[in-house]
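Structure data (compact mmCIF, C-alpha atoms) from run23.txt:
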# COMPACT_ATOMS: atom_id res chain seq x y z
CA MET I 1 62.88 93.72 85.24
CA ASN I 2 66.66 94.16 85.45
CA SER I 3 68.42 90.82 85.90
CA GLY I 4 71.87 92.37 86.31
CA PRO I 5 73.69 92.70 89.61
CA THR I 6 72.27 95.10 92.17
CA PRO I 7 74.45 98.21 92.24
CA PHE I 8 75.90 99.25 95.55
CA ASP I 9 78.47 101.82 96.56
CA GLU I 10 81.55 101.97 98.78
CA LEU I 11 79.47 102.67 101.92
CA ASP I 12 77.42 99.54 101.20
CA ARG I 13 80.67 97.58 100.87
CA LYS I 14 81.88 98.89 104.23
CA ILE I 15 78.55 97.99 105.87
CA ILE I 16 78.65 94.50 104.36
CA THR I 17 82.27 94.06 105.50
CA ALA I 18 81.32 95.06 109.06
CA LEU I 19 78.36 92.66 109.11
CA MET I 20 80.45 89.81 107.68
CA ALA I 21 83.03 90.35 110.43
CA ASN I 22 80.33 90.39 113.12
CA ALA I 23 76.64 90.21 112.20
CA ARG I 24 75.75 91.37 115.72
CA THR I 25 77.43 94.75 115.25
CA SER I 26 74.85 97.44 115.95
CA PHE I 27 73.76 99.88 113.29
CA ALA I 28 75.10 102.66 115.54
CA GLU I 29 78.56 101.04 115.67
CA ILE I 30 78.59 100.52 111.92
CA GLY I 31 77.36 104.07 111.36
CA ALA I 32 80.15 105.50 113.52
CA ALA I 33 82.72 103.50 111.51
CA VAL I 34 81.40 104.52 108.08
CA GLY I 35 80.16 108.04 108.80
CA LEU I 36 76.38 107.46 108.72
CA SER I 37 73.59 107.62 111.26
CA SER I 38 72.26 104.33 112.59
CA THR I 39 68.98 105.05 110.75
CA ALA I 40 70.83 105.46 107.45
CA VAL I 41 72.73 102.21 108.05
CA LYS I 42 69.46 100.40 108.80
CA ARG I 43 67.89 101.74 105.58
CA ARG I 44 70.88 100.52 103.59
CA VAL I 45 70.87 97.09 105.28
CA ASP I 46 67.13 96.78 104.62
CA ARG I 47 67.71 97.65 100.95
CA LEU I 48 70.61 95.18 100.70
CA ARG I 49 68.36 92.48 102.17
CA ASP I 50 65.42 93.37 99.91
CA THR I 51 67.60 93.21 96.80
CA GLY I 52 69.16 89.89 97.81
CA VAL I 53 72.70 91.17 98.35
CA ILE I 54 72.47 90.19 102.03
CA THR I 55 70.82 86.79 102.18
CA GLY I 56 70.73 86.27 105.93
CA PHE I 57 72.51 86.38 109.24
CA THR I 58 73.96 83.37 111.01
CA ALA I 59 76.02 82.14 113.92
CA THR I 60 79.19 80.15 113.31
CA VAL I 61 79.53 77.28 115.75
CA LYS I 62 82.41 74.92 116.44
CA PRO I 63 81.23 71.69 114.72
CA SER I 64 82.47 69.38 117.50
CA ALA I 65 80.27 71.24 119.99
CA LEU I 66 77.27 70.07 117.97
CA GLY I 67 78.46 66.50 117.67
CA TRP I 68 80.10 66.82 114.23
CA ARG I 69 83.55 65.31 114.86
CA THR I 70 84.27 63.88 111.42
CA GLU I 71 84.35 65.85 108.20
CA ALA I 72 84.98 64.93 104.58
CA TYR I 73 84.59 66.11 101.02
CA VAL I 74 83.02 63.61 98.65
CA GLU I 75 83.33 63.76 94.88
CA VAL I 76 80.23 62.30 93.27
CA TYR I 77 80.29 60.71 89.82
CA CYS I 78 76.93 60.07 88.19
CA GLU I 79 75.72 57.67 85.50
CA GLY I 80 75.00 59.78 82.44
CA ALA I 81 74.15 63.41 82.92
CA ALA I 82 72.36 63.78 86.24
CA PRO I 83 70.69 67.19 86.21
CA PRO I 84 71.68 69.53 89.05
CA ARG I 85 68.01 69.75 90.05
CA ARG I 86 67.94 65.97 90.71
CA LEU I 87 71.22 66.11 92.65
CA ALA I 88 69.81 68.95 94.76
CA GLU I 89 66.69 66.90 95.57
CA VAL I 90 68.84 64.00 96.76
CA VAL I 91 71.31 65.95 98.89
CA ARG I 92 68.51 67.81 100.69
CA GLY I 93 67.58 64.45 102.21
CA TYR I 94 70.90 64.15 104.05
CA PRO I 95 71.24 66.34 107.17
CA GLU I 96 74.93 65.41 107.24
CA ILE I 97 75.61 67.27 103.98
CA ALA I 98 76.69 70.76 104.97
CA ALA I 99 77.20 71.97 101.39
CA ALA I 100 76.83 70.59 97.90
CA MET I 101 77.74 71.98 94.53
CA THR I 102 78.14 70.92 90.93
CA VAL I 103 81.73 71.23 89.74
CA THR I 104 83.91 71.15 86.67
CA GLY I 105 86.39 68.35 86.09
CA GLY I 106 85.77 64.64 86.30
CA ALA I 107 83.27 64.67 89.17
CA ASP I 108 79.69 65.83 88.74
CA ALA I 109 79.30 67.19 92.26
CA LEU I 110 81.23 67.85 95.45
CA LEU I 111 79.65 67.27 98.86
CA HIS I 112 80.86 68.63 102.19
CA VAL I 113 79.84 66.01 104.74
CA ARG I 114 79.89 66.25 108.54
CA ALA I 115 79.30 63.20 110.72
CA ARG I 116 79.55 62.17 114.35
CA ASP I 117 82.43 59.77 113.72
CA VAL I 118 84.01 57.65 110.99
CA GLN I 119 81.38 54.93 111.35
CA HIS I 120 78.59 57.46 110.89
CA PHE I 121 80.42 58.92 107.87
CA GLU I 122 80.69 55.44 106.36
CA GLU I 123 76.93 54.93 106.83
CA VAL I 124 76.20 58.25 105.12
CA LEU I 125 78.57 57.38 102.27
CA GLU I 126 76.87 54.02 101.75
CA ARG I 127 73.45 55.72 101.60
CA ILE I 128 74.78 58.20 99.03
CA ARG I 129 76.30 55.38 96.96
CA ALA I 130 72.95 53.55 97.01
CA GLU I 131 71.28 56.36 95.05
CA PRO I 132 70.37 54.82 91.66
CA PHE I 133 72.26 57.31 89.50
CA ILE I 134 75.52 57.43 91.54
CA ARG I 135 78.30 55.57 89.73
CA LYS I 136 81.10 56.17 92.25
CA THR I 137 82.38 58.46 94.97
CA ILE I 138 85.83 59.55 96.05
CA SER I 139 86.19 60.79 99.62
CA VAL I 140 88.80 62.97 101.27
CA MET I 141 88.74 63.20 105.07
CA VAL I 142 89.52 66.56 106.69
CA LEU I 143 92.32 66.35 109.25
CA SER I 144 92.48 70.00 110.31
CA HIS I 145 91.43 73.44 109.14
CA LEU I 146 94.36 75.62 108.12
CA LEU I 147 92.07 78.68 108.21
CA PRO I 148 90.09 78.00 111.42
CA ASP I 149 88.10 81.25 111.14
CA SER I 150 86.78 80.42 107.66
CA PRO I 151 83.07 79.66 107.22
CA GLU I 152 83.96 76.11 106.19
CA ALA I 153 85.48 75.49 109.63
CA GLY I 154 82.17 76.34 111.34
CA ALA I 155 78.81 74.62 111.35
CA ASN I 156 75.41 76.06 110.65
CA GLN I 157 73.25 73.08 111.48
CA PRO I 158 72.80 70.77 114.45
CA ALA I 159 74.14 67.24 114.52
CA PRO I 160 71.78 64.47 113.45
CA VAL I 161 70.22 62.21 116.05
CA GLU I 162 69.85 58.49 115.39
CA THR I 163 66.28 57.28 115.14
CA SER I 164 65.20 53.77 116.02
CA ALA I 165 65.30 52.86 112.32
CA GLY I 166 68.97 53.90 112.13
CA ALA I 167 68.31 56.98 109.98
CA ALA I 168 69.60 60.36 111.06
CA THR I 169 67.31 63.25 111.79
CA VAL I 170 68.20 66.79 112.77
CA ARG I 171 67.28 68.04 116.18
Would you write the structure of this file as structure tokens?
Amino acid sequence: MNSGPTPFDELDRKIITALMANARTSFAEIGAAVGLSSTAVKRRVDRLRDTGVITGFTATVKPSALGWRTEAYVEVYCEGAAPPRRLAEVVRGYPEIAAAMTVTGGADALLHVRARDVQHFEEVLERIRAEPFIRKTISVMVLSHLLPDSPEAGANQPAPVETSAGAATVR
């Protein structure tokens, strides 16, 4: 089995560019723009999906419309060497974490957190800090997005809803 990157040509790049600009663009519209039939575009999109080049289609939503009015990036510093697998298990339990990644530098991980308000963010931060292997966190609140059309400025998950126990769940 070949573990290298899946080869694709300039037409594939044009199709991917069109879908990234608007995933609802029809195969006929894309075909007209790149010089292929809609059937040929569909075959290529199916192949790009099957090979993992295209991983999905999504809608970008204004976060405040979903109740996410506060946003921050949180550097996470762990005791010892926390394996990425363990960090991934933990962050999956927080619906407020929009993205998480391991990073180079002093921090072990960087979390992109969305919350209803500052109080909710503080509650999330305290829960993160309570994880047994977290040594410290450093947070940076987002004031505004300089590139409002970037994926980071949108949301791809609904806002959490408070349960009677005070924990957040996603609706």
Please identify all polymer residues within 7 Å of segment 102-115 of chain I, counting all atoms listed in the file, omitting same-chain residues fewer than 5 positions from it, and present them as an NGL selection string. :I and (68-78 or 84 or 96-97 or 120-121)
Glu126 of chain I proximity check over I:Ser139, I:Thr58, I:Thr17, I:Ser26, using all atoms listed in the file: winner is I:Ser139
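For the pair atom CA of Leu11 of chain I and atom CA of Val34 of chain I, the separation is 6.7 Å.
In this structure, atom CA of Gly154 of chain I sits 5.3 Å away from atom CA of Lys62 of chain I.
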From I:Pro95, I:Arg47, I:Ser144, I:Glu152, residue lying nearest Val124 of chain I [all atoms listed in the file]: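 Checking each of I:Pro95, I:Arg47, I:Ser144, I:Glu152 against Val124 of chain I, counting all atoms listed in the file, the winner is I:Pro95.
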I'd like the interatomic distance between atom CA of Val41 of chain I and atom CA of Ala59 of chain I, to a tenth of an Å. 21.2 Å
Across I:Arg85, I:Ala153, I:Leu19, I:Gly31, the smallest distance to Thr55 of chain I, with only C-alpha atoms counted, is shown by I:Leu19
Using only C-alpha atoms, which residues sit within 12 Å of Ile15 of chain I once same-chain residues fewer than 5 positions away are excluded, as JSON, numbers by chain? {"I": [8, 9, 10, 20, 21, 22, 23, 25, 26, 27, 28, 29, 30, 31, 32, 33, 34, 35, 36, 38, 40, 41, 42, 43, 44, 45, 46, 47, 48, 53, 54]}
Could you check the closest approach to Val90 of chain I for each of I:Arg129, I:Arg49, I:Arg116, I:Lys136 and tell me which residue wins, using all atoms listed in the file?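 Checking each candidate against Val90 of chain I, we get I:Arg129 as the closest.
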I:Arg13, I:Glu131, I:Arg24, I:Gly56 ranked by distance to Glu89 of chain I, top pick (using all atoms listed in the file):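 Of I:Arg13, I:Glu131, I:Arg24, I:Gly56, the one nearest Glu89 of chain I, counting all atoms listed in the file, is I:Glu131.
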Of the candidates I:Glu122, I:Pro148, I:Thr137, I:Arg127, which shows the shortest atom-to-atom distance to Tyr94 of chain I, using all atoms listed in the file?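 Smallest distance to Tyr94 of chain I is found for I:Arg127.
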Report as lines of an AutoDock Vina configuration file the centre and the edge lengths, in Å to one decimal, of the axis-aligned box holding every listed atom of segment 39-45 of chain I, padded by 3 Å on each side.
center_x = 70.3
center_y = 101.3
center_z = 107.2
size_x = 10.8
size_y = 14.4
size_z = 13.2
